[in-house]
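Have a look at final-v3.txt below; it lists compact mmCIF, C-alpha atoms (C1' of nucleotides).
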# COMPACT_ATOMS: atom_id res chain seq x y z
CA MET A 27 -1.76 -34.11 26.82
CA HIS A 28 1.01 -36.25 28.26
CA THR A 29 0.65 -39.99 28.21
CA THR A 30 2.86 -41.21 31.00
CA PRO A 31 3.88 -44.81 30.37
CA ALA A 32 4.99 -45.12 34.01
CA GLY A 33 8.40 -46.56 33.23
CA THR A 34 10.35 -47.68 36.24
CA GLU A 35 13.18 -45.22 35.70
CA ARG A 36 11.51 -42.17 34.20
CA THR A 37 11.36 -39.24 36.57
CA THR A 38 11.22 -35.95 34.71
CA PRO A 39 11.23 -36.34 30.94
CA LEU A 40 13.18 -33.10 30.60
CA ASP A 41 10.08 -31.21 29.56
CA HIS A 42 11.46 -28.05 28.07
CA CYS A 43 8.24 -26.24 28.98
CA ALA A 44 8.46 -26.79 32.72
CA PRO A 45 9.45 -23.58 34.50
CA PRO A 46 12.57 -24.49 36.53
CA PRO A 47 13.69 -28.14 36.73
CA ARG A 48 14.70 -27.41 40.32
CA GLN A 49 17.19 -30.17 40.82
CA HIS A 50 17.68 -31.52 44.29
CA PRO A 51 20.70 -30.05 45.98
CA ARG A 52 23.56 -32.42 46.59
CA PRO A 53 23.19 -33.64 50.11
CA ASP A 54 26.25 -34.32 52.18
CA GLY A 55 29.96 -34.83 52.13
CA LYS A 56 29.61 -37.96 50.05
CA ASP A 57 31.64 -38.41 46.92
CA HIS A 58 30.06 -41.42 45.28
CA TYR A 59 26.49 -41.69 44.11
CA THR A 60 24.49 -44.43 42.45
CA ILE A 61 22.96 -43.79 39.10
CA SER A 62 19.52 -43.29 40.64
CA GLU A 63 20.89 -40.63 42.97
CA VAL A 64 22.37 -38.86 39.98
CA VAL A 65 18.99 -39.12 38.28
CA ALA A 66 17.48 -37.33 41.26
CA PHE A 67 20.14 -34.61 41.28
CA THR A 68 20.33 -33.88 37.59
CA GLY A 69 16.89 -34.65 36.21
CA LEU A 70 18.48 -36.75 33.47
CA THR A 71 17.26 -40.32 33.08
CA ALA A 72 19.47 -43.30 33.85
CA HIS A 73 19.22 -44.21 30.17
CA THR A 74 20.61 -40.85 29.22
CA LEU A 75 23.42 -41.06 31.76
CA ARG A 76 24.53 -44.42 30.40
CA TRP A 77 24.19 -43.14 26.87
CA TYR A 78 26.33 -40.06 27.62
CA GLU A 79 29.01 -42.42 28.83
CA ARG A 80 28.81 -44.63 25.75
CA ILE A 81 29.24 -41.72 23.37
CA GLY A 82 32.19 -40.29 25.26
CA LEU A 83 30.48 -37.34 26.86
CA MET A 84 31.50 -38.45 30.36
CA PRO A 85 34.98 -38.95 31.74
CA HIS A 86 35.38 -42.52 32.94
CA VAL A 87 32.96 -43.22 35.75
CA ASP A 88 34.07 -45.31 38.71
CA ARG A 89 32.52 -48.71 39.34
CA SER A 90 31.73 -50.48 42.59
CA HIS A 91 33.16 -53.96 43.14
CA THR A 92 29.98 -55.35 41.58
CA GLY A 93 30.33 -53.22 38.49
CA GLN A 94 27.77 -50.57 39.32
CA ARG A 95 28.45 -46.97 38.50
CA ARG A 96 29.61 -44.68 41.28
CA TYR A 97 29.51 -41.01 40.32
CA THR A 98 31.72 -38.46 42.09
CA ASN A 99 30.98 -34.82 42.85
CA ARG A 100 33.30 -33.96 39.99
CA ASP A 101 31.09 -36.05 37.70
CA LEU A 102 28.04 -34.17 38.93
CA ASP A 103 29.76 -30.85 38.24
CA TRP A 104 30.50 -32.01 34.75
CA LEU A 105 26.91 -33.14 34.24
CA ASP A 106 25.65 -29.78 35.44
CA PHE A 107 27.90 -28.06 32.94
CA VAL A 108 26.84 -30.39 30.14
CA THR A 109 23.21 -29.73 30.98
CA LYS A 110 23.82 -26.02 30.73
CA LEU A 111 25.52 -26.42 27.37
CA ARG A 112 22.71 -28.64 26.22
CA LEU A 113 20.06 -26.03 26.77
CA THR A 114 21.96 -23.56 24.66
CA GLY A 115 21.06 -25.89 21.80
CA MET A 116 24.63 -27.08 21.35
CA PRO A 117 24.63 -30.41 19.51
CA VAL A 118 25.78 -33.39 21.55
CA ALA A 119 28.56 -34.00 19.05
CA ASP A 120 30.06 -30.61 19.92
CA MET A 121 29.87 -31.36 23.60
CA VAL A 122 31.66 -34.64 22.95
CA ARG A 123 34.31 -32.66 21.12
CA TYR A 124 34.76 -30.45 24.18
CA ALA A 125 34.97 -33.52 26.40
CA GLU A 126 37.70 -34.89 24.15
CA LEU A 127 39.64 -31.66 24.46
CA VAL A 128 39.40 -31.89 28.23
CA ARG A 129 40.75 -35.45 28.07
CA GLU A 130 43.67 -34.32 25.97
CA GLY A 131 44.93 -32.02 28.70
CA GLU A 132 46.27 -28.51 29.04
CA SER A 133 47.50 -28.25 25.48
CA THR A 134 43.92 -27.72 24.35
CA TYR A 135 43.17 -24.70 26.53
CA GLY A 136 43.11 -22.39 23.53
CA GLU A 137 40.75 -24.50 21.53
CA ARG A 138 38.46 -24.97 24.50
CA GLN A 139 38.35 -21.26 25.12
CA ALA A 140 37.52 -20.61 21.48
CA LEU A 141 34.76 -23.18 21.60
CA LEU A 142 33.22 -21.66 24.69
CA GLU A 143 33.47 -18.17 23.27
CA SER A 144 31.70 -19.24 20.12
CA THR A 145 29.02 -20.83 22.28
CA ARG A 146 28.79 -17.61 24.24
CA ARG A 147 28.12 -15.71 21.06
CA ASP A 148 25.43 -18.22 20.12
CA VAL A 149 23.78 -17.74 23.48
CA LEU A 150 23.77 -13.97 23.13
CA GLY A 151 22.25 -14.33 19.69
CA ARG A 152 19.62 -16.71 20.97
CA ILE A 153 18.69 -14.32 23.76
CA ALA A 154 18.31 -11.53 21.23
CA GLU A 155 16.09 -13.72 19.06
CA LEU A 156 13.96 -14.64 22.02
CA ARG A 157 13.54 -11.01 22.94
CA GLY A 158 12.36 -10.32 19.41
CA THR A 159 9.87 -13.13 19.73
CA LEU A 160 8.75 -11.77 23.06
CA ALA A 161 7.96 -8.44 21.43
CA VAL A 162 5.85 -10.14 18.78
CA LEU A 163 4.04 -12.20 21.38
CA ASP A 164 3.30 -9.15 23.49
CA LYS A 165 1.85 -7.36 20.51
CA LYS A 166 -0.42 -10.28 19.62
CA ILE A 167 -1.45 -10.79 23.23
CA GLY A 168 -2.29 -7.11 23.34
CA PHE A 169 -4.62 -7.55 20.38
CA TYR A 170 -6.40 -10.43 22.02
CA GLU A 171 -6.62 -8.61 25.31
CA GLN A 172 -8.74 -5.89 23.79
CA GLY A 173 -10.61 -8.39 21.63
CA ALA A 174 -9.39 -6.67 18.51
CA ALA A 175 -9.33 -8.44 15.16
CA ALA A 176 -6.08 -10.32 14.92
CA HIS A 177 -4.89 -13.72 14.04
CA MET B 17 32.23 -30.30 8.40
CA HIS B 18 29.29 -29.74 6.12
CA THR B 19 28.92 -31.95 3.09
CA THR B 20 26.82 -29.95 0.69
CA PRO B 21 25.02 -32.29 -1.68
CA ALA B 22 24.24 -29.35 -3.93
CA GLY B 23 20.54 -30.08 -4.18
CA THR B 24 18.65 -27.91 -6.63
CA GLU B 25 16.42 -26.35 -3.99
CA ARG B 26 18.57 -26.09 -0.87
CA THR B 27 19.53 -22.55 0.05
CA THR B 28 20.21 -22.12 3.74
CA PRO B 29 19.86 -25.30 5.80
CA LEU B 30 18.58 -23.30 8.77
CA ASP B 31 21.85 -23.53 10.62
CA HIS B 32 20.94 -22.60 14.18
CA CYS B 33 24.49 -21.38 14.78
CA ALA B 34 24.50 -18.72 12.07
CA PRO B 35 24.30 -15.26 13.61
CA PRO B 36 21.25 -13.57 11.98
CA PRO B 37 19.43 -15.35 9.14
CA ARG B 38 19.00 -11.91 7.65
CA GLN B 39 16.01 -12.58 5.49
CA HIS B 40 15.61 -10.52 2.36
CA PRO B 41 13.10 -7.74 2.76
CA ARG B 42 9.91 -8.10 0.79
CA PRO B 43 10.39 -6.11 -2.34
CA ASP B 44 7.50 -4.28 -3.85
CA GLY B 45 3.75 -3.93 -3.92
CA LYS B 46 3.33 -7.50 -5.12
CA ASP B 47 0.99 -9.85 -3.38
CA HIS B 48 1.81 -13.19 -4.88
CA TYR B 49 5.14 -14.93 -4.70
CA THR B 50 6.43 -18.22 -6.02
CA ILE B 51 7.74 -20.77 -3.61
CA SER B 52 11.34 -19.92 -4.45
CA GLU B 53 10.72 -16.27 -3.65
CA VAL B 54 9.30 -17.30 -0.31
CA VAL B 55 12.40 -19.42 0.23
CA ALA B 56 14.49 -16.31 -0.31
CA PHE B 57 12.38 -14.22 2.07
CA THR B 58 11.97 -16.67 4.91
CA GLY B 59 15.09 -18.83 4.83
CA LEU B 60 12.88 -21.92 4.96
CA THR B 61 13.37 -24.56 2.29
CA ALA B 62 10.73 -25.29 -0.35
CA HIS B 63 10.45 -28.75 1.15
CA THR B 64 9.63 -27.28 4.51
CA LEU B 65 7.09 -24.87 3.05
CA ARG B 66 5.24 -27.70 1.34
CA TRP B 67 5.50 -29.79 4.45
CA TYR B 68 4.05 -27.00 6.61
CA GLU B 69 1.11 -26.92 4.27
CA ARG B 70 0.58 -30.68 4.39
CA ILE B 71 0.49 -30.79 8.17
CA GLY B 72 -1.97 -27.92 8.41
CA LEU B 73 0.40 -25.23 9.61
CA MET B 74 -0.47 -22.93 6.69
CA PRO B 75 -3.84 -21.49 5.76
CA HIS B 76 -4.75 -22.59 2.24
CA VAL B 77 -2.25 -21.22 -0.23
CA ASP B 78 -3.45 -19.92 -3.59
CA ARG B 79 -2.47 -21.69 -6.78
CA SER B 80 -1.71 -20.32 -10.24
CA HIS B 81 -3.73 -21.64 -13.18
CA THR B 82 -1.04 -24.30 -13.62
CA GLY B 83 -1.23 -25.43 -10.03
CA GLN B 84 1.84 -23.68 -8.65
CA ARG B 85 1.72 -22.07 -5.24
CA ARG B 86 1.26 -18.32 -5.03
CA TYR B 87 1.96 -16.95 -1.58
CA THR B 88 0.43 -13.66 -0.45
CA ASN B 89 1.88 -11.06 1.89
CA ARG B 90 -0.50 -12.38 4.50
CA ASP B 91 1.05 -15.82 4.06
CA LEU B 92 4.50 -14.32 4.52
CA ASP B 93 3.37 -12.59 7.72
CA TRP B 94 2.09 -15.90 8.99
CA LEU B 95 5.36 -17.60 8.10
CA ASP B 96 7.32 -14.93 9.92
CA PHE B 97 5.20 -15.48 12.97
CA VAL B 98 5.55 -19.25 12.75
CA THR B 99 9.29 -18.86 12.43
CA LYS B 100 9.34 -16.76 15.57
CA LEU B 101 7.31 -19.33 17.45
CA ARG B 102 9.54 -22.07 16.15
CA LEU B 103 12.66 -20.58 17.63
CA THR B 104 11.09 -20.47 21.04
CA GLY B 105 11.26 -24.25 20.86
CA MET B 106 7.51 -24.63 20.52
CA PRO B 107 6.74 -28.04 18.99
CA VAL B 108 5.26 -27.96 15.52
CA ALA B 109 2.19 -29.77 16.81
CA ASP B 110 1.40 -26.83 19.09
CA MET B 111 1.78 -24.39 16.24
CA VAL B 112 -0.63 -26.49 14.23
CA ARG B 113 -3.03 -26.29 17.14
CA TYR B 114 -2.77 -22.50 17.06
CA ALA B 115 -3.35 -22.52 13.30
CA GLU B 116 -6.49 -24.57 13.83
CA LEU B 117 -7.76 -22.08 16.37
CA VAL B 118 -7.22 -19.30 13.88
CA ARG B 119 -9.17 -21.25 11.29
CA GLU B 120 -12.05 -21.73 13.72
CA GLY B 121 -12.61 -17.99 14.00
CA GLU B 122 -13.26 -15.42 16.68
CA SER B 123 -14.74 -17.85 19.16
CA THR B 124 -11.23 -19.08 19.94
CA TYR B 125 -9.74 -15.74 20.95
CA GLY B 126 -9.58 -16.75 24.58
CA GLU B 127 -7.81 -20.01 23.90
CA ARG B 128 -5.37 -18.35 21.54
CA GLN B 129 -4.53 -15.70 24.07
CA ALA B 130 -3.94 -18.35 26.71
CA LEU B 131 -1.68 -20.28 24.36
CA LEU B 132 0.39 -17.22 23.56
CA GLU B 133 0.65 -16.25 27.20
CA SER B 134 1.88 -19.69 28.09
CA THR B 135 4.41 -19.41 25.29
CA ARG B 136 5.42 -16.04 26.61
CA ARG B 137 6.14 -17.55 30.00
CA ASP B 138 8.21 -20.25 28.32
CA VAL B 139 10.23 -17.63 26.51
CA LEU B 140 10.91 -15.71 29.70
CA GLY B 141 12.01 -18.93 31.34
CA ARG B 142 14.25 -19.78 28.44
CA ILE B 143 15.87 -16.37 28.56
CA ALA B 144 16.53 -16.81 32.25
CA GLU B 145 18.09 -20.22 31.63
CA LEU B 146 20.28 -18.81 28.92
CA ARG B 147 21.45 -16.05 31.19
CA GLY B 148 22.39 -18.66 33.76
CA THR B 149 24.35 -20.51 31.12
CA LEU B 150 26.00 -17.30 30.06
CA ALA B 151 27.23 -16.77 33.61
CA VAL B 152 28.74 -20.25 33.67
CA LEU B 153 30.37 -19.73 30.29
CA ASP B 154 31.84 -16.43 31.36
CA LYS B 155 33.32 -18.00 34.46
CA LYS B 156 34.93 -20.82 32.47
CA ILE B 157 36.16 -18.46 29.79
CA GLY B 158 37.67 -16.36 32.54
CA PHE B 159 39.60 -19.39 33.78
CA TYR B 160 40.96 -20.12 30.33
CA GLU B 161 41.82 -16.49 29.74
CA GLN B 162 44.27 -16.49 32.62
CA GLY B 163 45.38 -20.01 31.80
CA ALA B 164 44.22 -21.23 35.20
CA ALA B 165 43.46 -24.88 35.84
CA ALA B 166 39.93 -25.58 34.73
CA HIS B 167 38.08 -28.16 32.80
C1' DT C 14 15.42 -69.95 49.88
C1' DA C 15 12.81 -66.89 47.45
C1' DT C 16 11.21 -62.43 46.30
C1' DG C 17 11.92 -57.71 45.16
C1' DG C 18 14.70 -53.90 44.05
C1' DC C 19 18.44 -51.87 41.84
C1' DC C 20 21.76 -52.32 38.65
C1' DT C 21 24.16 -54.19 34.23
C1' DT C 22 24.58 -54.81 28.88
C1' DG C 23 24.05 -54.49 23.56
C1' DG C 24 21.06 -53.49 20.46
C1' DA C 25 16.64 -52.14 18.71
C1' DG C 26 12.92 -48.69 18.63
C1' DT C 27 10.77 -43.93 18.89
C1' DG C 28 9.42 -39.14 17.84
C1' DC C 29 10.42 -35.02 15.83
C1' DA C 30 11.37 -32.06 12.13
C1' DC C 31 12.62 -32.10 8.34
C1' DT C 32 14.89 -33.85 3.76
C1' DC C 33 15.10 -36.20 -0.28
C1' DC C 34 13.60 -38.99 -4.31
C1' DA C 35 11.43 -40.39 -8.58
C1' DG C 36 8.51 -39.28 -11.93
C1' DG C 37 6.04 -35.87 -14.24
C1' DC C 38 3.89 -31.25 -15.98
C1' DA C 39 4.24 -26.43 -17.91
C1' DA C 40 6.66 -22.39 -19.68
C1' DG C 41 10.39 -20.07 -22.04
C1' DC C 42 14.30 -20.05 -25.16
C1' DG C 43 17.44 -21.18 -29.35
C1' DC D 1 11.24 -29.18 -31.66
C1' DG D 2 14.14 -30.20 -27.95
C1' DC D 3 16.19 -28.60 -23.75
C1' DT D 4 16.40 -26.45 -19.40
C1' DT D 5 14.33 -24.57 -15.44
C1' DG D 6 11.03 -24.40 -11.98
C1' DC D 7 7.47 -26.48 -9.78
C1' DC D 8 4.31 -30.43 -8.59
C1' DT D 9 3.13 -35.01 -5.86
C1' DG D 10 3.19 -39.07 -2.46
C1' DG D 11 6.00 -41.52 -0.03
C1' DA D 12 10.38 -42.99 1.70
C1' DG D 13 14.66 -41.74 4.15
C1' DT D 14 17.68 -39.12 7.51
C1' DG D 15 19.79 -37.37 11.78
C1' DC D 16 19.43 -36.33 16.31
C1' DA D 17 18.72 -37.34 21.01
C1' DC D 18 17.13 -40.09 23.40
C1' DT D 19 14.18 -44.29 25.07
C1' DC D 20 13.17 -48.83 25.69
C1' DC D 21 13.75 -53.93 25.78
C1' DA D 22 15.18 -58.51 27.24
C1' DA D 23 18.01 -61.11 29.82
C1' DG D 24 20.66 -61.37 33.60
C1' DG D 25 23.85 -60.30 38.20
C1' DC D 26 24.01 -58.94 43.07
C1' DC D 27 22.21 -58.28 47.57
C1' DA D 28 18.92 -57.50 51.47
C1' DT D 29 14.95 -58.64 53.78
C1' DA D 30 11.03 -62.05 54.91
Any chance you could put this one into structure tokens?
Amino acid sequence: MHTTPAGTERTTPLDHCAPPPRQHPRPDGKDHYTISEVVAFTGLTAHTLRWYERIGLMPHVDRSHTGQRRYTNRDLDWLDFVTKLRLTGMPVADMVRYAELVREGESTYGERQALLESTRRDVLGRIAELRGTLAVLDKKIGFYEQGAAAH
Amino acid sequence: MHTTPAGTERTTPLDHCAPPPRQHPRPDGKDHYTISEVVAFTGLTAHTLRWYERIGLMPHVDRSHTGQRRYTNRDLDWLDFVTKLRLTGMPVADMVRYAELVREGESTYGERQALLESTRRDVLGRIAELRGTLAVLDKKIGFYEQGAAAH
DNA sequence: TATGGCCTTGGAGTGCACTCCAGGCAAGCG
DNA sequence: CGCTTGCCTGGAGTGCACTCCAAGGCCATA
């Protein structure tokens, strides 16, 4: 069902059907991580991490003296938050908007709060929808369980 | 934010942020509906309805003597179910697979049940994820509410 | 010194789920 | 009769979120 092209960087293709992505816990008192460490922690691909940066979804990421990315714990926190937002179905453009507000400073607290509250409402709605779907699924599964005619 | 090209067929562009799509209830004792009636009932576009048919997601839809589609109540039930599946995040290809199983008859009951149960597990997982996100959102919103430093 | 591994970049490519277009047919109305 | 409205088709186009490619830099180990 899954052709796995065995790319060098691919780890978990963010399969939205996998039960819990179970990201590795952050290890020690370090505060700078290479991109491949961040891949291991977050489950995102290196491609995606670089892309997030390009589109303005990341605050500026530090570089080593050779130009390689060095992520901080703060960056990881942000990525965790972004990942949470992402699985609410929020479009990336909206997350970029939020990131911009953060960059603009305290004056945008109100707008940020409004954005999160609207997202919160979306999430509640989505949960309600899913519960409705669950009810339908249970009914159909019930039919099949007793071999009744159903489609 | 939304440019509306005022197409002749577009009704609701399936905005996943709208609260409840609130589909019109089916009216009377009729059992054949034009495509535009189905658009009104389901919130899907006519384009999408025709596309669903092309890819094998619909059982064969009746035609009027002039070749226009005439949907039955059974078709509408199927579309409702498909719509429910769709908002679990199930890929269209998987829904087509389910439709094929239905077409193949009773011998596929077991496989269908398995498919729905796997979907059910996905839905439970998704709900759990969303609850986790909700907790994060509430924490952040709490910060903003008291104007505390947060990002 | 060379080989391998990890990282860099801009830009092109992919897959999904629609979404639209152009051209045309049939029915109803003034 | 002409016009509008609603529907038809195959095929092309769109937007999103990645995903991959080719060419190359840096560094450690053999």
Name all residues at most 9 Å from Arg100 in chain A (count only C-alpha atoms (C1' of nucleotides); drop same-chain ones fewer than 4 positions away) and give them as an mmCIF file with C-alpha atoms, in the coordinates of the input.
data_model
loop_
_atom_site.group_PDB
_atom_site.id
_atom_site.type_symbol
_atom_site.label_atom_id
_atom_site.label_comp_id
_atom_site.auth_asym_id
_atom_site.auth_seq_id
_atom_site.Cartn_x
_atom_site.Cartn_y
_atom_site.Cartn_z
ATOM 1 C CA ASP A 57 31.640 -38.410 46.920
ATOM 2 C CA TRP A 104 30.500 -32.010 34.750
ATOM 3 C CA LEU A 105 26.910 -33.140 34.240
#
**Message:** Give me, as a ChimeraX atom specification, the residues of chain A touching chain B, with the criterion being at most 7 Å (counting all atoms listed in the file).
**Reply:** /A:43,45,110,114,128,135,139,142,146,148-149,151,153,156,159-160,163,167,170,177
**Request:** Mind giving me the straight-line distance from CA of Val55 in chain B to CA of Arg42 in chain B in Å, one decimal?
**Result:**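 Separating CA of Val55 in chain B from CA of Arg42 in chain B is a distance of 11.6 Å.
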**Message:** Distance limit 8 Å, atoms considered: only C-alpha atoms (C1' of nucleotides). Which chain B residues sit that close to chain C? Return them as a PyMOL selection string.
**Reply:** chain B and resi 63-64+82
**Asked** Counting only C-alpha atoms (C1' of nucleotides), which residues from chain A have an atom at most 10 Å from any atom of chain D, and could you show them as a ChimeraX atom specification?
**Response** /A:33,36,71,73-74,77,92-94,117-119
Expected file: the selected residues, C-alpha atoms, as a PDB file, keeping the file's coordinate frame:
ATOM      1  CA  GLY A  33       8.400 -46.560  33.230  1.00  0.00           C
ATOM      2  CA  ARG A  36      11.510 -42.170  34.200  1.00  0.00           C
ATOM      3  CA  THR A  71      17.260 -40.320  33.080  1.00  0.00           C
ATOM      4  CA  HIS A  73      19.220 -44.210  30.170  1.00  0.00           C
ATOM      5  CA  THR A  74      20.610 -40.850  29.220  1.00  0.00           C
ATOM      6  CA  TRP A  77      24.190 -43.140  26.870  1.00  0.00           C
ATOM      7  CA  THR A  92      29.980 -55.350  41.580  1.00  0.00           C
ATOM      8  CA  GLY A  93      30.330 -53.220  38.490  1.00  0.00           C
ATOM      9  CA  GLN A  94      27.770 -50.570  39.320  1.00  0.00           C
ATOM     10  CA  PRO A 117      24.630 -30.410  19.510  1.00  0.00           C
ATOM     11  CA  VAL A 118      25.780 -33.390  21.550  1.00  0.00           C
ATOM     12  CA  ALA A 119      28.560 -34.000  19.050  1.00  0.00           C
TER      13      ALA A 119
END
**Prompt:** Which polymer residues have any atom within 10 Å of an atom of Thr88 in chain B, counting all atoms listed in the file, with same-chain residues fewer than 3 positions away left out, as a ChimeraX atom specification?
**Reply:** /B:46-50,54,77-78,85,91-94
**Request:** May I ask for the distance between CA of Ile71 in chain B and CA of Val112 in chain B, given in Å to one decimal place?
**Result:**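 A separation of 7.5 Å between them.
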**Message:** Please compute the CA of Ser80 in chain B-CA of Arg113 in chain B distance, one decimal, in Å.
**Reply:**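 Going from CA of Ser80 in chain B over to CA of Arg113 in chain B covers 28.1 Å.
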Using all atoms listed in the file, find all polymer residues with an atom at most 7 Å away from the point (34.2, -38.0, 27.7); report them as a PDB file with C-alpha atoms, keeping the file's coordinate frame.
ATOM      1  CA  GLU A  79      29.010 -42.420  28.830  1.00  0.00           C
ATOM      2  CA  GLY A  82      32.190 -40.290  25.260  1.00  0.00           C
ATOM      3  CA  LEU A  83      30.480 -37.340  26.860  1.00  0.00           C
ATOM      4  CA  MET A  84      31.500 -38.450  30.360  1.00  0.00           C
ATOM      5  CA  PRO A  85      34.980 -38.950  31.740  1.00  0.00           C
ATOM      6  CA  VAL A 122      31.660 -34.640  22.950  1.00  0.00           C
ATOM      7  CA  ALA A 125      34.970 -33.520  26.400  1.00  0.00           C
ATOM      8  CA  GLU A 126      37.700 -34.890  24.150  1.00  0.00           C
TER       9      GLU A 126
END
